[in-house]
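Below: one structure, written as structure tokens.
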Amino acid sequence: MSFLLTSLDQKLLRDLWRIKGQGLAIAMVIACGIGLFIMANGMLSSLQETREAYYDRYRFADIFAPVKRAPDRVLTEIKTFPGVRAVEGRISAGVLIDAPGTTEPITGQAVSLPRNGRPVLNDIFLRKGRMLDPTREDEILLSESFAKAHGFAPGDTISATMNGSKRKFEIVGIALSPEFTYAIAPGGLVPDPFRFGILWIGKDALAAAFDLDGAFNEVLISRSHNANENDIIASLDRVLKRYGATGAFLRADQTSDKFLESELDQLATMASILPTIFLAVSAFLLNVVVARIVDSEREQIGLLKAFGYSDTAILFHYLKLVLAITLLGVIVGSGLGMWLGRLMAVMYQDFYKFPFLIFSLGLDTLALAFTISVSVAVLGTFTAVRRAAVLSPADSMRPAAPANYRQAGVMPRWFSDRIDQPTRMILRRIARQPVRALLTCVGLAFATAILITARFNWDSMVYMMDVNFNVAERQDLTVTFVEPRSDKAIFELRRMDGVFYAEPFRSVAVRLRNGHLQRRQSLTGLLERPRLSRPINADLASLAMPQSGVLLSKALADLIQADVGDVLQVDVLEDRKPRLDLTVAGIAETFIGTSAYLEIGALNRSLKEGPRVSGAFLSIDTAKQDAIYERLKDMPMVSAVGIIDAAQKSFNDTMDQGIGTFIAIISTFAGLIAVGVVYNSARIALAERSRELASLRVLGFTKNEASYILLGEIALLTLLALPLGSGFGYLLAWYLSESFTTELYQIPLVIELKSYGYACAVVAGASLISGILVDRDIGNLDLVAALKTRE
């Protein structure tokens with residue numbers, strides 16, 4: 001094969017073999033960056049394409065309009081609105097599911113299906129079984145995730161309490177729907193397939209259960225391509241106002257789609273940050289390696305030019321070296337990215353309930369990854385490569401002029417007298433090559449920062465949950481009624497055996513306006529000094545409910561740009577629909593969702609109603625919880641029961657699966673950065689100082705003393721990099737905290753000390769492994785050959 005290669009290409013192969021260890025380390029750093037880039041961008045495009053295909057194929061509605069009760073004839077008028085393409089009237093209601101093997105009251109959502117045929121909008125994907133028989137009212141379809149969690153299959157039976165009446169149904173099919181891609185219970189934090197399920201029931205059966213014969217309580221609309229959504233919503237609100245409408249809203253405000261869109265935004269942010277860091281480090285490593293090769297091959301470059309090789313030929317020779325290492329990194333990284341992408345696709349499909357999700361990688365993504373990698377590598381090494389190209393034959397045949405060390409590395413006498421000679425040699429070398437030392441520190445600091453950032457995700461979530469479950473939400477159960485009831489219902493709950501305390505709440509759908517900004521929101525009425533569910537301030541102290549003003553969560557205040565003292569226009573969207581003017585009395589700190597609070601008595605008076613409640617927070621005796629659960633399931637007034645311990649467990653399980661996997665991947669990649677930086681720096685230092693180390697060995701230095709001179713420098717730079725990386729990590733975590741914060745989750749900037757320790761330990765460990773590899777080469781150093789080397 002050698003006769004097919006030019007002399008320069010044969011030299012290129014020899015050079016690559018000679019630096020195979022360093023080249024492989026650099027290629028692995030590139031592979032990590034490309035792997036993350038391909039995984040994140042491929043997963044992002046796969047999720048977007050799957051979502052669009054799923055929404056389009058199963059006709060996910062564009063606009064949703066809940067009402068209390070509207071006759072079916074109203075649908076005919078809605079169809080005439082300009083821009084409306086399709087209309088579906090249906091019944092949707094909360095139910096309590098009684099599943100075998102558990103005493104817990106399980107929250108469910110019952111959704112009606114048309115008497116004949118499939119839904120016009122929000123169609124279902126039938127995974128198993130068959131569709132409903134229109135002649136039978138005891139058949140249902142069950143959501144796939146809930147069926148899997150409880151082991152249900154077509155042919156099994158299940159009981160559900162609907163509007164106070166308990167009924168038994170036969171499961172005839174297992175299904176999915178685009179509106180429940182992110183299937184979360186009302187008021188839930190994360191999907192909990194064991195405690196929340198969707199039941200699709202024939203419309204006649206559901207109408208009979210909820211007294212909605214010939215009527216509906218929700219309208220779904222699909223609009224034309226160029227239709228004005230705001231005009232359609234205004235027309236809907238006008239027509240449905242008399243039927244108890246609480247305000248139409250867009251798909252973007254639908255719970256499932258909102259969570260999915262938030263995930264896509266976070267994935268896009270990660271796709272732009274982490275690969276950039278890896279590729280920047282690889283560019284630095286390539287620059288150092290190529291610069292060292294050029295310096296060591298000055299005479300060879302001069303001879304090549306003397307024999308007629310042009311500057312361009314020399315330039316491309318060293319660029320080929322760069323491209324060979326880069327290409328290896330791209331190939332390995334592409335395979336790694338596709339493998340990680342398929343792994344993530346399985347996790348995403350389990351979390352987001354798509355009927356299918358295939359990780360697909362377009363050629364455009366691969367081409368972009370290759371272009372970015374090559375561009376970064378070439379730009380990072382161009383200065384060193386150009387130096388080889390412009391070096392004249394006469395200059396290259398002479399050794400490089402020695403550096404002026406007269407003033408470099410001068411240390412105060414009081415300091416130098418207190419350290420030994422090998423340590424002085426380490427410090428002088430760092431002082432004489434400050435740029436290289438700084439870049440080595442920066443490379444290691446980036447590895448530390450990435451590890452801290454990965455741990456930040458975990459720390460912030462743990463803190464959020466600790467504050468939410470142990471400070472703000474201290475109840476055991478949250479009981480929600482079918483409709484607002486007299487406060488006598490609270491006394492009935494308090495009389496239950498095992499209930500220590502019951503705290504009422506009132507929830508009303510409103511639209512908050514502050515100037516031109518508005519927000520559809522739930523306004524919650526609480527006791528003046530609540531004991532269980534408590535708004536808190538930034539110091540985690542409980543806030544009292546204002547008697548004549550509204551308390552806003554910080555996220556909500558930011559959305560509508562409201563501050564303490566501002567007067568908000570509050571349009572109530574229920575019953576008499578009064579318009580209120582409320583002053584912002586305070587700002588509460590929340591990490592989950594947006595909230596607005598008012599003292600419950602003041603809220604009821606503003607609505608011109610007596611003492612009414614929407615539900616209660618309960619503190620219970622856990623030894624008697626099973627009896628309490630059974631009693632609640634038998635109460636006609638109860639539509640949902642939230643169990644705080646179950647919600648916390650579900651959230652922790654989600655964190656373990658999602659963030660735990662992410663930390664493992666990022667820790668491995670960050671470790672590879674540290675290995676790449678340390679190993680390359682140590683190998684280059686060994687190549688540059690082999691004659692010096694051999695001389696010291698001949699003069700009587702032991703192998704360990706010689707190793708200390710070389711590896712002590714790396715150890716010192718690693719120690720200097722750790723605090724620098726900790727600072728970088730804090731800044732990067734701050735940026736991600738700001739980028740990831742949405743109206744759904746407000747991510748606090750929390751990094752535990754143990755996370756800094758974890759990051760430092762991983763980087764120090766990776767540096768130690770690299771040092772051991774180089775130390776072996778020091779032991780194998782050929783003293784005679786090294787002493788013959790020309791300076």
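As shown in the structure tokens, the chain order sets the letters A, B, ...; within each chain, residues go from 1, and ligands are also counted from 1 in the order they appear.
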
Which residues of stretch 607-688 of chain A come within 10 Å of stretch 175-188 of chain A, and for each one, what is the closest pair of atoms and their distance in Å to one decimal, counting only C-alpha atoms, sorted by chain and residue number, as a tab-separated table?
residue	atom	partner	partner_atom	distance
A:Ala640	CA	A:Pro186	CA	8.7
A:Gly642	CA	A:Gly188	CA	8.0
A:Ile643	CA	A:Gly188	CA	9.8
A:Ile644	CA	A:Gly188	CA	9.6
A:Ala647	CA	A:Gly188	CA	7.2
A:Ser650	CA	A:Gly188	CA	9.9
A:Phe651	CA	A:Gly188	CA	9.7

Writing out the chosen residues with N, CA, C and O atoms as a PDB file, in the first residue's frame:
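Saved file selection-v1.pdb follows:
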ATOM      1  N   ALA A 640     -61.991  14.205  43.380  1.00  0.00           N
ATOM      2  CA  ALA A 640     -60.576  13.836  43.277  1.00  0.00           C
ATOM      3  C   ALA A 640     -59.942  13.890  44.659  1.00  0.00           C
ATOM      4  O   ALA A 640     -60.331  14.709  45.501  1.00  0.00           O
ATOM      5  N   GLY A 642     -55.966  13.916  46.146  1.00  0.00           N
ATOM      6  CA  GLY A 642     -54.521  13.930  45.924  1.00  0.00           C
ATOM      7  C   GLY A 642     -53.784  13.491  47.173  1.00  0.00           C
ATOM      8  O   GLY A 642     -54.053  14.009  48.268  1.00  0.00           O
ATOM      9  N   ILE A 643     -52.893  12.526  47.025  1.00  0.00           N
ATOM     10  CA  ILE A 643     -52.136  11.981  48.161  1.00  0.00           C
ATOM     11  C   ILE A 643     -50.706  12.531  48.074  1.00  0.00           C
ATOM     12  O   ILE A 643     -49.976  12.230  47.122  1.00  0.00           O
ATOM     13  N   ILE A 644     -50.321  13.325  49.035  1.00  0.00           N
ATOM     14  CA  ILE A 644     -49.049  14.042  48.968  1.00  0.00           C
ATOM     15  C   ILE A 644     -47.862  13.081  48.965  1.00  0.00           C
ATOM     16  O   ILE A 644     -46.913  13.239  48.187  1.00  0.00           O
ATOM     17  N   ALA A 647     -47.477  11.629  45.591  1.00  0.00           N
ATOM     18  CA  ALA A 647     -46.953  12.600  44.633  1.00  0.00           C
ATOM     19  C   ALA A 647     -45.447  12.766  44.788  1.00  0.00           C
ATOM     20  O   ALA A 647     -44.703  12.858  43.804  1.00  0.00           O
ATOM     21  N   SER A 650     -43.703   9.655  43.402  1.00  0.00           N
ATOM     22  CA  SER A 650     -43.726   9.671  41.938  1.00  0.00           C
ATOM     23  C   SER A 650     -42.683  10.630  41.381  1.00  0.00           C
ATOM     24  O   SER A 650     -41.991  10.323  40.408  1.00  0.00           O
ATOM     25  N   PHE A 651     -42.560  11.787  42.033  1.00  0.00           N
ATOM     26  CA  PHE A 651     -41.568  12.762  41.577  1.00  0.00           C
ATOM     27  C   PHE A 651     -40.153  12.222  41.762  1.00  0.00           C
ATOM     28  O   PHE A 651     -39.300  12.371  40.883  1.00  0.00           O
TER      29      PHE A 651
END

(message) So that I can check the surroundings of A:Leu540, please list as a list of chain:residue names every protein, DNA and RNA residue that reaches within 9 Å of it, counting only C-alpha atoms and ignoring chain neighbours fewer than 5 positions away.
(response) A:Val467, A:Val471, A:Ala472, A:Pro535, A:Glu589

(message) At a cut-off of 8 Å, using only C-alpha atoms, what residues contact A:Ser595? Leave out same-chain residues fewer than 5 positions from it and give the result as a PyMOL selection string.
(response) chain A and resi 521-524+552-553+556+590

Writing out the chosen residues with C-alpha atoms as a PDB file, in the first residue's frame:
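What ended up in selection_16.pdb:
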ATOM      1  CA  GLN A 521     -55.584  31.790  36.182  1.00  0.00           C
ATOM      2  CA  SER A 522     -57.106  30.052  39.181  1.00  0.00           C
ATOM      3  CA  LEU A 523     -57.694  32.347  42.172  1.00  0.00           C
ATOM      4  CA  THR A 524     -57.433  30.369  45.409  1.00  0.00           C
ATOM      5  CA  LEU A 552     -49.343  36.657  43.573  1.00  0.00           C
ATOM      6  CA  SER A 553     -46.628  34.090  43.061  1.00  0.00           C
ATOM      7  CA  LEU A 556     -47.248  35.101  37.899  1.00  0.00           C
ATOM      8  CA  THR A 590     -43.334  29.312  44.419  1.00  0.00           C
TER       9      THR A 590
END

(message) If we count only C-alpha atoms and set the cut-off at 12 Å, which residues sit around A:Ile277, ignoring sequence neighbours fewer than 3 positions away in its own chain? Please answer as a VMD selection string.
(response) chain A and resid 29 to 30 32 to 34 36 to 37 270 to 274 280 to 284 376 442 to 450 669 to 670 673 728 to 729 732

(request) Write out as a ChimeraX atom specification the residues lying within 12 Å of A:Thr383, counting only C-alpha atoms and excluding same-chain residues fewer than 2 positions away. (result) /A:283-284,286-288,290-291,294,315,318-319,377-381,385-390

Pull N, CA and C atoms from the residues just selected and write them as a PDB file, in the first residue's frame.
ATOM      1  N   ALA A 283     -10.469  21.796  20.529  1.00  0.00           N
ATOM      2  CA  ALA A 283      -9.690  22.731  19.714  1.00  0.00           C
ATOM      3  C   ALA A 283      -8.413  23.144  20.434  1.00  0.00           C
ATOM      4  N   PHE A 284      -8.521  23.400  21.732  1.00  0.00           N
ATOM      5  CA  PHE A 284      -7.330  23.739  22.525  1.00  0.00           C
ATOM      6  C   PHE A 284      -6.322  22.592  22.518  1.00  0.00           C
ATOM      7  N   LEU A 286      -5.959  20.140  20.336  1.00  0.00           N
ATOM      8  CA  LEU A 286      -5.364  19.990  19.005  1.00  0.00           C
ATOM      9  C   LEU A 286      -4.306  21.053  18.763  1.00  0.00           C
ATOM     10  N   ASN A 287      -4.585  22.267  19.200  1.00  0.00           N
ATOM     11  CA  ASN A 287      -3.626  23.357  19.000  1.00  0.00           C
ATOM     12  C   ASN A 287      -2.317  23.068  19.717  1.00  0.00           C
ATOM     13  N   VAL A 288      -2.410  22.579  20.957  1.00  0.00           N
ATOM     14  CA  VAL A 288      -1.207  22.289  21.737  1.00  0.00           C
ATOM     15  C   VAL A 288      -0.407  21.161  21.090  1.00  0.00           C
ATOM     16  N   VAL A 290      -0.486  20.012  17.885  1.00  0.00           N
ATOM     17  CA  VAL A 290       0.079  20.382  16.582  1.00  0.00           C
ATOM     18  C   VAL A 290       1.230  21.369  16.759  1.00  0.00           C
ATOM     19  N   ALA A 291       1.090  22.314  17.682  1.00  0.00           N
ATOM     20  CA  ALA A 291       2.165  23.267  17.926  1.00  0.00           C
ATOM     21  C   ALA A 291       3.431  22.543  18.390  1.00  0.00           C
ATOM     22  N   VAL A 294       4.993  20.744  15.363  1.00  0.00           N
ATOM     23  CA  VAL A 294       5.665  21.701  14.476  1.00  0.00           C
ATOM     24  C   VAL A 294       6.999  22.131  15.075  1.00  0.00           C
ATOM     25  N   LEU A 315       1.298  23.062   4.581  1.00  0.00           N
ATOM     26  CA  LEU A 315       0.080  23.483   5.282  1.00  0.00           C
ATOM     27  C   LEU A 315      -0.952  22.348   5.304  1.00  0.00           C
ATOM     28  N   TYR A 318      -0.164  19.207   7.635  1.00  0.00           N
ATOM     29  CA  TYR A 318      -0.516  19.297   9.050  1.00  0.00           C
ATOM     30  C   TYR A 318      -2.022  19.438   9.247  1.00  0.00           C
ATOM     31  N   LEU A 319      -2.723  20.034   8.274  1.00  0.00           N
ATOM     32  CA  LEU A 319      -4.174  20.068   8.363  1.00  0.00           C
ATOM     33  C   LEU A 319      -4.759  18.661   8.270  1.00  0.00           C
ATOM     34  N   ALA A 377     -11.923  22.617  14.671  1.00  0.00           N
ATOM     35  CA  ALA A 377     -10.573  22.047  14.700  1.00  0.00           C
ATOM     36  C   ALA A 377      -9.607  22.865  13.856  1.00  0.00           C
ATOM     37  N   VAL A 378     -10.029  23.248  12.654  1.00  0.00           N
ATOM     38  CA  VAL A 378      -9.151  24.013  11.763  1.00  0.00           C
ATOM     39  C   VAL A 378      -8.871  25.393  12.333  1.00  0.00           C
ATOM     40  N   LEU A 379      -9.913  26.069  12.820  1.00  0.00           N
ATOM     41  CA  LEU A 379      -9.708  27.402  13.385  1.00  0.00           C
ATOM     42  C   LEU A 379      -8.832  27.338  14.640  1.00  0.00           C
ATOM     43  N   GLY A 380      -9.009  26.287  15.431  1.00  0.00           N
ATOM     44  CA  GLY A 380      -8.231  26.166  16.657  1.00  0.00           C
ATOM     45  C   GLY A 380      -6.763  25.889  16.428  1.00  0.00           C
ATOM     46  N   THR A 381      -6.430  25.276  15.292  1.00  0.00           N
ATOM     47  CA  THR A 381      -5.030  24.904  15.030  1.00  0.00           C
ATOM     48  C   THR A 381      -4.407  25.712  13.901  1.00  0.00           C
ATOM     49  N   VAL A 385      -0.493  25.586  12.444  1.00  0.00           N
ATOM     50  CA  VAL A 385      -0.280  25.023  11.109  1.00  0.00           C
ATOM     51  C   VAL A 385       0.327  26.071  10.184  1.00  0.00           C
ATOM     52  N   ARG A 386      -0.144  27.291  10.291  1.00  0.00           N
ATOM     53  CA  ARG A 386       0.382  28.353   9.419  1.00  0.00           C
ATOM     54  C   ARG A 386       1.846  28.630   9.740  1.00  0.00           C
ATOM     55  N   ARG A 387       2.209  28.480  11.024  1.00  0.00           N
ATOM     56  CA  ARG A 387       3.597  28.702  11.403  1.00  0.00           C
ATOM     57  C   ARG A 387       4.521  27.708  10.693  1.00  0.00           C
ATOM     58  N   ALA A 388       4.037  26.492  10.525  1.00  0.00           N
ATOM     59  CA  ALA A 388       4.833  25.493   9.796  1.00  0.00           C
ATOM     60  C   ALA A 388       4.945  25.857   8.322  1.00  0.00           C
ATOM     61  N   ALA A 389       3.849  26.393   7.759  1.00  0.00           N
ATOM     62  CA  ALA A 389       3.847  26.694   6.331  1.00  0.00           C
ATOM     63  C   ALA A 389       4.757  27.870   5.981  1.00  0.00           C
ATOM     64  N   VAL A 390       4.830  28.867   6.844  1.00  0.00           N
ATOM     65  CA  VAL A 390       5.597  30.081   6.515  1.00  0.00           C
ATOM     66  C   VAL A 390       7.046  29.999   6.978  1.00  0.00           C
TER      67      VAL A 390
END

(request) Can you work out which one of A:Arg115, A:Arg691, A:Lys203, A:Lys148 has the shortest atom-to-atom distance to A:Lys128, counting only C-alpha atoms? (result)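 Selected residue with least distance to A:Lys128: A:Lys148.
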
(request) Go through A:Leu13, A:Ala252, A:Ile78, A:Ala345 and flag the residue nearest A:Gly42, using only C-alpha atoms for the distances. (result) A:Ala345

(request) From the DSSP assignment of the backbone, select every residue of stretch 381-603 of chain A that is alpha helix (DSSP H), and format the answer as an MDAnalysis selection string. (result) chainID A and resid 381:390 393:396 413:416 421:432 434:467 488:494 554:559 600:603

(request) Work out how far apart atom CA of A:Ile714 and atom CA of A:Ala431 are and give it in Å to one decimal. (result) 13.6 Å

(message) Considering only C-alpha atoms, can you say which of A:Leu267, A:Asn604, A:Met635, A:Phe196 comes closest to A:Asn41?
(response)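 Looking at the shortest contact to A:Asn41, the residue is A:Leu267.
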
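For the pair atom CA of A:Glu77 and atom CA of A:Gly89, the interatomic distance is 12.2 Å.
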
(message) as a PyMOL selection string, please: the residues near A:Ile778 (cut-off 9 Å, only C-alpha atoms, same-chain neighbours under 4 positions excluded).
(response) chain A and resi 686+690+693+703+706-707+774+782

So that I have them on file, write out the residues from the current selection with N, CA and C atoms, as an mmCIF file, in the first residue's frame.
data_model
loop_
_atom_site.group_PDB
_atom_site.id
_atom_site.type_symbol
_atom_site.label_atom_id
_atom_site.label_comp_id
_atom_site.auth_asym_id
_atom_site.auth_seq_id
_atom_site.Cartn_x
_atom_site.Cartn_y
_atom_site.Cartn_z
ATOM 1 N N LEU A 686 6.369 15.648 28.770
ATOM 2 C CA LEU A 686 7.377 14.587 28.753
ATOM 3 C C LEU A 686 8.224 14.653 27.496
ATOM 4 N N SER A 690 12.149 15.400 28.061
ATOM 5 C CA SER A 690 12.760 14.073 28.190
ATOM 6 C C SER A 690 14.270 14.178 28.418
ATOM 7 N N LEU A 693 14.817 15.423 32.020
ATOM 8 C CA LEU A 693 14.553 14.379 33.008
ATOM 9 C C LEU A 693 15.634 13.295 32.983
ATOM 10 N N LYS A 703 13.542 7.802 40.093
ATOM 11 C CA LYS A 703 12.426 7.826 39.138
ATOM 12 C C LYS A 703 11.241 8.590 39.736
ATOM 13 N N ALA A 706 11.909 12.330 39.534
ATOM 14 C CA ALA A 706 11.710 12.816 38.175
ATOM 15 C C ALA A 706 10.219 12.896 37.841
ATOM 16 N N SER A 707 9.467 11.895 38.263
ATOM 17 C CA SER A 707 8.021 11.915 38.032
ATOM 18 C C SER A 707 7.375 13.100 38.743
ATOM 19 N N VAL A 774 1.064 8.272 32.291
ATOM 20 C CA VAL A 774 2.288 8.974 31.895
ATOM 21 C C VAL A 774 3.461 8.552 32.775
ATOM 22 N N ASP A 782 14.187 5.929 27.847
ATOM 23 C CA ASP A 782 15.519 5.497 27.412
ATOM 24 C C ASP A 782 16.490 6.653 27.668
#

(request) Pull the strand (DSSP E or B) assignments for stretch 52-94 of chain A out of DSSP run on the backbone, and list those residues as a list in words. (result)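 Strand (DSSP E or B) members of stretch 52-94 of chain A, listed: Ile63, Phe64, Ala65, Pro66, Val67, Lys68, Arg69, Ala70, Pro71, Val84, Arg85, Ala86, Val87, Glu88, Gly89, Arg90, Ser92, Ala93 and Gly94 of chain A.
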
Now that the selection is made, can you save its residues with C-alpha atoms as a compact mmCIF listing (two decimals), in the first residue's frame?
# COMPACT_ATOMS: atom_id res chain seq x y z
CA ILE A 63 -58.88 25.53 20.78
CA PHE A 64 -60.57 24.25 23.95
CA ALA A 65 -63.65 25.80 25.57
CA PRO A 66 -64.95 24.28 28.83
CA VAL A 67 -68.52 25.10 29.89
CA LYS A 68 -70.82 24.02 32.70
CA ARG A 69 -73.64 22.72 30.52
CA ALA A 70 -74.53 23.70 26.95
CA PRO A 71 -77.12 22.13 24.62
CA VAL A 84 -63.61 27.17 12.16
CA ARG A 85 -62.85 23.95 10.28
CA ALA A 86 -64.21 21.31 12.67
CA VAL A 87 -66.14 21.25 15.97
CA GLU A 88 -66.56 18.53 18.58
CA GLY A 89 -68.81 18.75 21.63
CA ARG A 90 -68.05 16.25 24.35
CA SER A 92 -65.22 15.49 30.25
CA ALA A 93 -65.40 14.97 33.99
CA GLY A 94 -63.37 13.88 36.98

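Of the residues under consideration (A:Lys649, A:Arg436, A:Arg342, A:Arg474), A:Arg474 shows the shortest atom-to-atom contact distance to A:Ser533 when counting only C-alpha atoms.
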
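The shortest atom-to-atom distance to A:Met637, with only C-alpha atoms taken into account, belongs to A:Arg485 out of A:Arg485, A:Arg506, A:Arg424, A:Arg57.
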
(request) Would you work out the distance separating atom CA of A:Ala685 from atom CA of A:Ala31, expressed in Å to one decimal? (result)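 Going from atom CA of A:Ala685 over to atom CA of A:Ala31 covers 24.6 Å.
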
(message) Considering only C-alpha atoms, can you say which of A:Leu8, A:Ala53, A:Leu603, A:Ala454 comes closest to A:Leu357?
(response)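 Checking each candidate against A:Leu357, we get A:Ala53 as the closest.
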